[in-house]
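Participant: Handing you this structure, nothing more for now.
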Amino acid sequence: MTPAEQLKDSVLTLAHATQRDDTLTSLRRHAVEQLKVLPFPDKKQEAWKYTGLHALTAGQLNQPATMLQHSAQFPALGDCVIVIGNGFLPAQLPDLPAGLSATTFSSATPSDKSISDEHPDTLFGWLNNASLNDGLLLKTERNQKVAAVVHVVFFNHSDTPCHAANRLQVELAEGSELTLIEHYIGSGPILANALTRIQAGPNSRITHYRLQSEAADTLHIGNLQIDQQRDSYVDSSQLMRGNVLRRNDIHVRLLESGAELSMRGVFIARDQSHIDNHINVEHVAAHCPSNQIYKGIAGEKGRAVFNGRIHIHPYAKGSDASLSNNNMLLSRDAEIDSKPELEIYNDDVKCAHGTTVGQMDAAQLFYLRSRGIDEAKAKRMLGTGFVNETLLAMHDDSVRDWAIDWLGEAL
Amino acid sequence: MSTDTDIDTLVSREYAAGFTTSVESDTLPPGLDEDVIRFISSRKNEPEWLLEWRLAAYHRWLEMTPPEWAHIHHPPIDFNTVSYFSAPKSMADRPQSIDEVDPELLRTYEKLGIPLHEQAALAGVAVDAVFDSVSIGTTFRGKLKEAGVIFCSISEAVHEYPELIKEYLGSVVPQGDNFYAALNSAVFSDGSFVYIPKGVKCPMELSTYFRINEAKTGQFERTLIVAEEGSQVSYLEGCTAPMRDENQLHAAVVELVARKDAKIKYSTVQNWYPGDEQGRGGIYNFVTKRGVAHENAHISWTQVETGSAITWKYPSVILRGDNSVGEFYSVALTRGRQQADTGTKMIHLGKNTKSTIISKGISAGRSQNAYRGLVRISPRAEGARNFTQCDSLLIGDQCGAHTFPYIESRNPSATLEHEATTSKVSDDQLFLCRQRGIDTEKAVSMIVNGFCKEVFKELPMEFAVEAGKLLEVSLEGSVG
Amino acid sequence: MLEVRNLHASVDGKDILKGLTLTVKPGEVHAIMGPNGSGKSTLSNVLAGRPGYQITAGDVLYEGKPLAEMETEERARAGIFLAFQYPVEIPGVSNMEFLKASLEAVRSAQGKEPLDAVTLLRRAREACQHVNLDQQFLKRGVNEGFSGGEKKRNEIMQMMLLEPKLALLDETDSGLDIDALQVVAKGVNALRSPERAIVLVTHYQRLLDYIVPDHVHVLADGKIIKSGGKELALELEQKGYGWLTGEEESA
């Protein structure tokens with residue numbers, strides 16, 4: 001068997017191991033059928049050109065994670081906290097702020113068809129479906145602004161290699177507003193397979209943070225799908241430090257006119273870590289603006305991969321899309337691979353992307369040192385300065401302050 | 001193994017099977033196997049080592065599959081429907097000079113605007129003309145020889161300068177480099193060879209015109225340019241083909257070697273037949289172009305591409321020596337149902353290497369135009385720099401423009417900058433022009449020429465005008 | 001020269017002009033004034049033939065010929081010049097190249113030989129001098145990176161070179177400081193002649209201190225509601241538009 005075939009074999013073992021009879025049975029079963037026919041990622045596929053899956057061991061694919069006995073430590077960033085350990089939902093969901101309701105996938109009524117109707121984008125998304133223990137479904141009420149910041153913590157931990165399916169679905173009703181922090185923490189050789197879906201209804205607004213701060217020995221393969229309807233506004237920030245394997249596939253669809261997207265991210269790959277962000281923004285409808293800024297840093301033997309695609313569909317007139325990816329390479333053994341893409345099928349558009357790869361400015365470094373600041377501190381200051389532009393654009397003070405410290409530690 | 005006998009058998013068998021002999025050409029029937037390669041090699045009276053080299057390439061090719069990553073769509077090519085050799089018949093006994101060339105062929109080139117008689121030729125430009133599979137003549141050879149410059153067809157070079165060919169053929173693009181390069185290595189028919197000795201600045205522009213004439217014929221030319229230490233050369237290739245309903249295959253290989261302090265400027269004006277409005281016919285252009293720049297050397301690719309049904313082409317520079325420079329300036333215009341996936345690769349190996357990429361894509365009609373470029377900085381390319389600017393201009397709402405840059409950096413002292421924009425010819429711009437009495441077509445051509453200016457200024461003078469006109473003609477009927 | 005009778009016009013399906021009548025004779029300078037949204041710019045764009053501006057009823061005759069039947073560039077070649085309110089940038093196309101193409105097209109329609117390069121350059125430089133525009137602007141892309149005032153002066157410079165029969169100045173004075181306004185006015189006044197008509201579309205009376213009109217018209221809700229001599233402009237300056245439109249004037 002080739003390595004890909006071996007991995008696929010493991011995936012199917014896991015999928016079978018997690019089959020059981022409950023309300024999600026058909027969701028899992030359908031996914032298993034898909035897994036049988038889908039090709040397993042390898043470097044020949046354009047989407048996996050720069051990221052190998054050699055860090056994955058069989059256990060991370062075929063051993064389902066078990067329920068955690070101890071509680072997680074995490075910073076207080078939100079007002080309403082929901083902790084999900086190794087993919088198991090708490091027996092009792094906390095009290096929720098006005099305008100927001102929460103249910104589990106397993107107890108959702110058949111009218112919540114969206115859970116099963118939408119197909120995952122990726123093989124790991126299907127694996128999430130196939131091995132799903134349960135998922136969290138958040139819904140806002142029409143024309144309600146949820147005043148409290150909702151902090152959903154996905155805590156994944158195991159001492160042995162295993163797989164945890166993390167799942168979140170957010171449905172914003174027309175005219176509603178929400179601030180949501182998705183926070184991934186944990187340690188040990190566990191693979192967090194995280195699938196989050198956000199459906200922004202007409203005229204709704206969400207401020208969204210996806211924070212990935214697991215320990216370096218944890219693996220994370222994530223999938224974020226955002227669908228935007230008429231006049232909705234999505235502001236999404238993704239912050240991450242590296243670990244042994246981190247891969248994010250982010251797919252945004254601007255489905256109706258007037259939908260606006262503002263996305264930013266910071267990724268810092270130090271030591272031996274590997275980070276791969278694949279972003280695909282599709283302008284399906286006319287007159288949608290999108291703006292993306294991603295900042296990357298790679299040091300020591302770290303490797304950062306960035307692929308940002310803007311896809312303008314034939315009817316998406318008046319699209320205004322921009323993407324910039326600026327990177328800083330700190331060491332000889334580190335690597336940055338950046339691939340911004342524009343795919344445009346309409347002439348009435350304004351699109352631009354820019355990428356830079358550079359290093360710390362020697363003159364700036366010298367200036368700081370000449371004022372008595374030691375080299376390490378000076379580098380940290382310059383690194384922080386480099387990512388600060390992105391961090392300062394984030395709305396929420398508590399997340400921003402935490403992120404500046406947390407990312408600063410990695411610089 | 002008795003090659004001669006095999007060839008004889010093949011030739012007589014082919015005659016018996018109906019060896020296609022039209023009035024003008026000897027064309028090998030379609031299909032590719034070892035015998036075809038042996039035939040080509042024997043027809044060109046090649047030495048044994050070259051036949052072996054071709055056969056090795058063929059065997060590599062058999063194991064390879066066509067690349068699928070490009071943003072192009074076409075039915076699979078049946079390589080057994082292509083004829084791999086076609087020669088104007090009157091060339092069978094090679095003419096010794098241009099004056100002996102069949103006047104019909106010379107007229108063909110005159111129609112293309114390339115007079116091959118030296119008295120009528122463009123002043124200061126030496127021309128090699130390749131018709132289907134063979135070179136029909138090279139002008140100004142005498143004058144070049146005085147300067148020590150070798151400019152001849154690659155077939156001649158195999159006989160006259162075997163050591164040079166042996167040393168450099170495949171040294172930049174190895175036989176098994178990619179599917180189409182392997183095919184070319186197996187069946188290449190002719191092409192140009194240029195050698196500039198140490199310290200010589202080539203006294204005139206060198207130019208090759210390629211023309212595919214015969215139906216169902218592939219053209220597989222191979223160009224090799226070697227610039228020795230401190231030498232300089234500017235080379236231009238032009239390409240045309242007649243209108244034919246079926247697709248024709250063109251799979252060329254170009255290799256450039258720029259030794260220490262040498263400078264090579266390679267310009268292309270490509271106007272292969274693009275097919276009709278419905279996408280019938282046209283050339284499939286799968287080309288591998290690559291140069292190696294040694295210490296302090298400078299390689300510059302400039303291309304203006306308006307033709308071909310499909311273009312798959314990435315002129316590249318391997319910046320091997322310290323302080324070497326690579327440049328890529330490109331205008332690619334697609335219209336009708338043309339598809340282009342083109343760009344460049346800059347591989348930075350040496351210290352303080354520098355590359356510049358300026359790509360201008362113009363899409364009209366229902367065409368698809370993609371830029372694909374790789375900039376790779378190796379760990380030891382201390383202080384390497386790249387600047388890339390890719391701009392796309394859309395005319396009409398049914399075309400597509402795509403940008404796929406690959407940026408790979410493994411040296412912390414390197415600086416890379418990539419910018420891309422996509423815009424359209426706006427209604428407001430057109431209205432301003434029309435209000436000043438300038439009609440829409442003229443206005444569009446002015447805007448397009450302005451859009452391409454940065455690239456046109458890199459072309460040798462004689463051809464910059466030609467390139468502008470070519471765009472104007474190509475855009476006729478695209479607007480309105 | 002220009003005969004506008006009961007003109008109705010719409011932009012993107014929205015009716016803007018609702019029965020406008022105007023007669024302009026050679027040698028005359030007309031000022032068309034009115035509050036924002038009254039249809040001033042629509043009138044000049046309709047006359048120049050901007051795509052999207054539809055004549056829905058009425059007639060426009062230029063030298064006796066219906067304008068509606070002429071393409072935008074035909075109108076330009078027949079001597080209609082529009083100085084744009086917002087001149088658009090055309091990056092990569094130099095001002096000089098643009099002028100040459102425009103002059104050649106207009107002259108050839110008039111049966112004139114194209115100007116030789118030396119004469120063209122000389123005239124262009126003179127025109128630049130006239131509007132205080134540095135000659136470097138001839139080499140730059142059309143309006144590319146020009147300031148607002150430079151764009152407006154560039155328009156007048158082109159007008160001087162093209163010597164139109166009917167010049168339409170669409171809010172050429174808006175956004176100009178007094179010095180620039182005087183420069184523009186000087187250019188326009190230099191063009192006044194018995195064969196040429198000039199229509200100034202403006203929001204502000206100020207321009208008319210420097211270019212004295214023969215006729216002043218007030219446009220409101222797509223119609224000319226009052227016409228008079230230059231003293232009408234002064235009256236407007238003092239009283240605003242409200243006393244004519246019967247509404248409170250918005251700022």
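Residue numbers start at 1 in each chain; chains themselves are named A, B, ... in the order of the structure tokens; ligands are numbered from 1 in the order shown.
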Considering only C-alpha atoms, tabulate each residue of chain B that lies at most 12 Å from chain C along with its nearest interatomic pair and the corresponding distance in Å to one decimal; arrange the rows by chain and ascending residue number and present them as a Markdown table.

Facilitator:
| residue | atom | partner | partner_atom | distance |
| --- | --- | --- | --- | --- |
| B:Ser423 | CA | C:Pro91 | CA | 11.5 |
| B:Lys424 | CA | C:Ile90 | CA | 11.4 |
| B:Val425 | CA | C:Ile90 | CA | 9.4 |
| B:Ser426 | CA | C:Ile90 | CA | 9.4 |
| B:Asp427 | CA | C:Pro51 | CA | 8.4 |
| B:Asp428 | CA | C:Val88 | CA | 6.6 |
| B:Gln429 | CA | C:Val88 | CA | 6.1 |
| B:Leu430 | CA | C:Ile90 | CA | 9.4 |
| B:Phe431 | CA | C:Arg50 | CA | 6.6 |
| B:Leu432 | CA | C:Val88 | CA | 7.1 |
| B:Cys433 | CA | C:Ser102 | CA | 7.7 |
| B:Arg434 | CA | C:Glu73 | CA | 4.6 |
| B:Gln435 | CA | C:Ala76 | CA | 5.4 |
| B:Arg436 | CA | C:Ser102 | CA | 5.5 |
| B:Gly437 | CA | C:Glu73 | CA | 4.2 |
| B:Ile438 | CA | C:Ser102 | CA | 5.5 |
| B:Asp439 | CA | C:Glu73 | CA | 6.1 |
| B:Thr440 | CA | C:Glu73 | CA | 8.6 |
| B:Glu441 | CA | C:Glu73 | CA | 11.6 |
| B:Lys442 | CA | C:Ala101 | CA | 8.4 |
| B:Ala443 | CA | C:Ala101 | CA | 8.8 |
| B:Val444 | CA | C:Val93 | CA | 10.5 |
| B:Ser445 | CA | C:Val93 | CA | 10.0 |
| B:Met446 | CA | C:Val93 | CA | 6.5 |
| B:Ile447 | CA | C:Val93 | CA | 6.0 |
| B:Val448 | CA | C:Gly92 | CA | 8.4 |
| B:Asn449 | CA | C:Val93 | CA | 7.6 |
| B:Gly450 | CA | C:Gly92 | CA | 3.9 |
| B:Phe451 | CA | C:Gly92 | CA | 5.5 |
| B:Cys452 | CA | C:Gly92 | CA | 8.0 |
| B:Lys453 | CA | C:Gly92 | CA | 7.0 |
| B:Glu454 | CA | C:Gly92 | CA | 9.0 |
| B:Val455 | CA | C:Gly92 | CA | 11.8 |

Participant: Just asking: which residues within stretch 82-160 of chain A are helix (DSSP H, G or I) according to DSSP, as a ChimeraX atom specification?

Facilitator: /A:114-117,123-130

Participant: Let me see the file: selected residues, C-alpha atoms, as a compact mmCIF listing (two decimals), in the first residue's frame.

Facilitator:
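The result, written out as selection.txt:
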# COMPACT_ATOMS: atom_id res chain seq x y z
CA SER A 114 -28.85 22.64 7.05
CA ILE A 115 -26.73 20.37 9.20
CA SER A 116 -26.93 17.53 6.78
CA ASP A 117 -27.78 19.30 3.52
CA LEU A 123 -11.97 14.98 2.63
CA PHE A 124 -11.34 15.90 6.26
CA GLY A 125 -14.71 17.62 6.33
CA TRP A 126 -16.31 14.35 5.30
CA LEU A 127 -14.25 12.57 7.93
CA ASN A 128 -15.65 15.03 10.45
CA ASN A 129 -19.16 14.08 9.38
CA ALA A 130 -18.35 10.37 9.35

Participant: Please determine the contact residues of chain A with respect to chain B at a cut-off of 8 Å, counting only C-alpha atoms, and supply them as a short mmCIF file (atom, residue, chain, number, x, y, z; two decimals) with N, CA, C and O atoms, in the first residue's frame.

Facilitator:
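Saved to iface-v8.cif:
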data_model
loop_
_atom_site.label_atom_id
_atom_site.label_comp_id
_atom_site.auth_asym_id
_atom_site.auth_seq_id
_atom_site.Cartn_x
_atom_site.Cartn_y
_atom_site.Cartn_z
N GLU A 46 -2.78 19.77 -6.31
CA GLU A 46 -2.36 21.17 -6.18
C GLU A 46 -2.59 21.68 -4.75
O GLU A 46 -1.76 22.40 -4.19
N PRO A 314 -19.04 34.57 -13.22
CA PRO A 314 -19.44 35.36 -14.40
C PRO A 314 -20.47 36.46 -14.11
O PRO A 314 -20.46 37.49 -14.75
N MET A 328 7.36 37.34 6.66
CA MET A 328 8.69 37.61 7.15
C MET A 328 9.38 36.27 7.39
O MET A 328 8.85 35.41 8.09
N LEU A 329 10.54 36.13 6.78
CA LEU A 329 11.29 34.88 6.91
C LEU A 329 12.47 35.17 7.83
O LEU A 329 13.28 36.05 7.54
N LEU A 330 12.57 34.42 8.94
CA LEU A 330 13.56 34.78 9.95
C LEU A 330 14.79 33.90 9.94
O LEU A 330 15.79 34.25 10.55
N SER A 331 14.73 32.74 9.31
CA SER A 331 15.91 31.90 9.40
C SER A 331 16.15 31.15 8.10
O SER A 331 15.27 30.99 7.26
N ARG A 332 17.37 30.70 7.98
CA ARG A 332 17.84 30.02 6.79
C ARG A 332 17.12 28.69 6.56
O ARG A 332 16.98 28.25 5.44
N ASP A 333 16.72 28.05 7.62
CA ASP A 333 16.07 26.75 7.47
C ASP A 333 14.55 26.84 7.40
O ASP A 333 13.86 25.85 7.25
N ALA A 334 14.04 28.04 7.54
CA ALA A 334 12.58 28.22 7.46
C ALA A 334 12.18 28.38 6.00
O ALA A 334 13.02 28.63 5.13
N GLU A 335 10.91 28.24 5.75
CA GLU A 335 10.45 28.38 4.36
C GLU A 335 9.06 29.02 4.33
O GLU A 335 8.21 28.73 5.17
N ILE A 336 8.88 29.87 3.35
CA ILE A 336 7.55 30.44 3.12
C ILE A 336 7.14 30.18 1.68
O ILE A 336 7.92 30.43 0.75
N ASP A 337 5.97 29.62 1.50
CA ASP A 337 5.44 29.40 0.16
C ASP A 337 4.12 30.13 0.06
O ASP A 337 3.18 29.80 0.77
N SER A 338 4.07 31.10 -0.80
CA SER A 338 2.85 31.89 -0.90
C SER A 338 2.30 31.80 -2.30
O SER A 338 3.04 31.92 -3.27
N LYS A 339 1.02 31.59 -2.40
CA LYS A 339 0.42 31.46 -3.72
C LYS A 339 -0.92 32.17 -3.74
O LYS A 339 -1.95 31.57 -3.48
N PRO A 340 -0.91 33.45 -4.01
CA PRO A 340 -2.19 34.14 -4.17
C PRO A 340 -2.73 33.84 -5.56
O PRO A 340 -1.96 33.71 -6.51
N GLU A 341 -4.02 33.70 -5.69
CA GLU A 341 -4.58 33.39 -7.01
C GLU A 341 -5.76 34.29 -7.30
O GLU A 341 -6.56 34.57 -6.42
N LEU A 342 -5.85 34.70 -8.54
CA LEU A 342 -7.04 35.42 -8.98
C LEU A 342 -7.66 34.61 -10.09
O LEU A 342 -7.00 34.24 -11.05
N GLU A 343 -8.93 34.33 -9.97
CA GLU A 343 -9.61 33.62 -11.03
C GLU A 343 -10.86 34.43 -11.36
O GLU A 343 -11.77 34.53 -10.55
N ILE A 344 -10.88 35.05 -12.53
CA ILE A 344 -11.86 36.09 -12.79
C ILE A 344 -12.62 35.82 -14.08
O ILE A 344 -12.02 35.68 -15.14
N TYR A 345 -13.92 35.76 -13.97
CA TYR A 345 -14.75 35.47 -15.14
C TYR A 345 -15.73 36.60 -15.43
O TYR A 345 -16.78 36.37 -16.00
N ASN A 346 -15.40 37.81 -14.98
CA ASN A 346 -16.27 38.94 -15.27
C ASN A 346 -15.39 40.15 -15.46
O ASN A 346 -14.39 40.30 -14.78
N ASP A 347 -15.76 41.02 -16.41
CA ASP A 347 -14.84 42.13 -16.68
C ASP A 347 -15.11 43.35 -15.83
O ASP A 347 -14.27 44.22 -15.70
N ASP A 348 -16.29 43.41 -15.18
CA ASP A 348 -16.62 44.61 -14.43
C ASP A 348 -16.18 44.44 -12.98
O ASP A 348 -16.99 44.36 -12.07
N VAL A 349 -14.88 44.34 -12.77
CA VAL A 349 -14.39 44.04 -11.44
C VAL A 349 -13.16 44.87 -11.14
O VAL A 349 -12.52 45.40 -12.02
N LYS A 350 -12.87 44.97 -9.86
CA LYS A 350 -11.63 45.57 -9.44
C LYS A 350 -10.97 44.57 -8.49
O LYS A 350 -11.52 44.29 -7.43
N CYS A 351 -9.88 44.00 -8.89
CA CYS A 351 -9.26 43.00 -8.05
C CYS A 351 -7.78 43.27 -7.93
O CYS A 351 -7.15 43.70 -8.89
N ALA A 352 -7.23 42.97 -6.80
CA ALA A 352 -5.80 43.09 -6.65
C ALA A 352 -5.33 42.14 -5.58
O ALA A 352 -6.04 41.87 -4.63
N HIS A 353 -4.15 41.60 -5.78
CA HIS A 353 -3.53 40.89 -4.68
C HIS A 353 -2.05 41.23 -4.66
O HIS A 353 -1.46 41.61 -5.66
N GLY A 354 -1.48 41.14 -3.51
CA GLY A 354 -0.07 41.42 -3.39
C GLY A 354 0.54 40.49 -2.38
O GLY A 354 -0.11 40.09 -1.42
N THR A 355 1.77 40.09 -2.62
CA THR A 355 2.48 39.22 -1.69
C THR A 355 3.88 39.77 -1.53
O THR A 355 4.49 40.18 -2.50
N THR A 356 4.36 39.75 -0.35
CA THR A 356 5.77 40.06 -0.17
C THR A 356 6.38 39.02 0.76
O THR A 356 5.70 38.45 1.61
N VAL A 357 7.65 38.74 0.53
CA VAL A 357 8.41 37.94 1.48
C VAL A 357 9.67 38.73 1.76
O VAL A 357 10.38 39.11 0.83
N GLY A 358 9.92 39.01 3.00
CA GLY A 358 11.11 39.79 3.31
C GLY A 358 11.67 39.38 4.65
O GLY A 358 11.38 38.31 5.16
N GLN A 359 12.47 40.24 5.22
CA GLN A 359 13.06 39.92 6.52
C GLN A 359 12.97 41.18 7.37
O GLN A 359 12.50 42.20 6.92
#

Participant: Of the residues B:Thr65, B:Thr356, B:Ser155, B:Asn80, which is the one nearest to B:Asp33, using only C-alpha atoms?

Facilitator: B:Asn80

Participant: So that I can see what lies close to C:Gly229, please list as a ChimeraX atom specification the residues with an atom at most 8 Å from it, counting only C-alpha atoms and leaving out residues fewer than 4 positions away in the same chain.

Facilitator: /C:213-216,233

Participant: Any chance you could list, as a PyMOL selection string, the residues in stretch 52-236 of chain A that come up strand (DSSP E or B) when DSSP is run on the backbone?

Facilitator: chain A and resi 64+80-85+88+100-104+136-140+145-157+162-172+177-187+190-200+205-212+219-228+233-236

Participant: Which residues come within 10 Å of A:Thr160, counting only C-alpha atoms, excluding same-chain residues fewer than 2 positions away, as a list of chain:residue names?

Facilitator: A:Gly59, A:Gln60, A:Gln63, A:Ala65, A:His157, A:Ser158, A:Cys162, A:His163, A:Gly188, A:Pro189, A:Ile190

Participant: If we count only C-alpha atoms and set the cut-off at 12 Å, which residues sit around C:Tyr62, ignoring sequence neighbours fewer than 5 positions away in its own chain? Please answer as a short mmCIF file (atom, residue, chain, number, x, y, z; two decimals) with C-alpha atoms, in the first residue's frame.

Facilitator:
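Resulting contents of around-v4.cif:
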data_model
loop_
_atom_site.label_atom_id
_atom_site.label_comp_id
_atom_site.auth_asym_id
_atom_site.auth_seq_id
_atom_site.Cartn_x
_atom_site.Cartn_y
_atom_site.Cartn_z
CA MET C 1 -26.43 76.29 -33.99
CA LEU C 2 -28.09 74.29 -31.21
CA GLU C 3 -31.82 73.87 -31.02
CA VAL C 4 -33.22 71.91 -28.08
CA ARG C 5 -36.98 71.45 -28.18
CA LEU C 22 -32.99 76.00 -25.40
CA THR C 23 -31.67 77.83 -28.46
CA VAL C 24 -28.00 78.68 -28.82
CA LYS C 25 -26.71 80.79 -31.70
CA PRO C 26 -23.11 81.13 -32.92
CA LEU C 47 -25.64 66.56 -25.86
CA ALA C 48 -22.26 64.78 -25.97
CA LEU C 67 -28.06 64.84 -32.73
CA ALA C 68 -29.72 61.60 -31.71
CA GLU C 69 -28.67 60.04 -35.00
CA MET C 70 -25.00 60.83 -34.47
CA GLU C 74 -19.32 61.91 -34.86
CA ARG C 75 -20.58 64.70 -32.64
CA ALA C 76 -17.04 65.39 -31.48
CA ALA C 78 -18.66 67.83 -35.95
CA GLY C 79 -17.31 70.29 -33.39
CA ILE C 80 -19.03 69.51 -30.09
CA LYS C 165 -17.82 75.07 -32.62
CA LEU C 166 -19.91 74.28 -29.57
CA ALA C 197 -20.95 79.04 -29.04
#
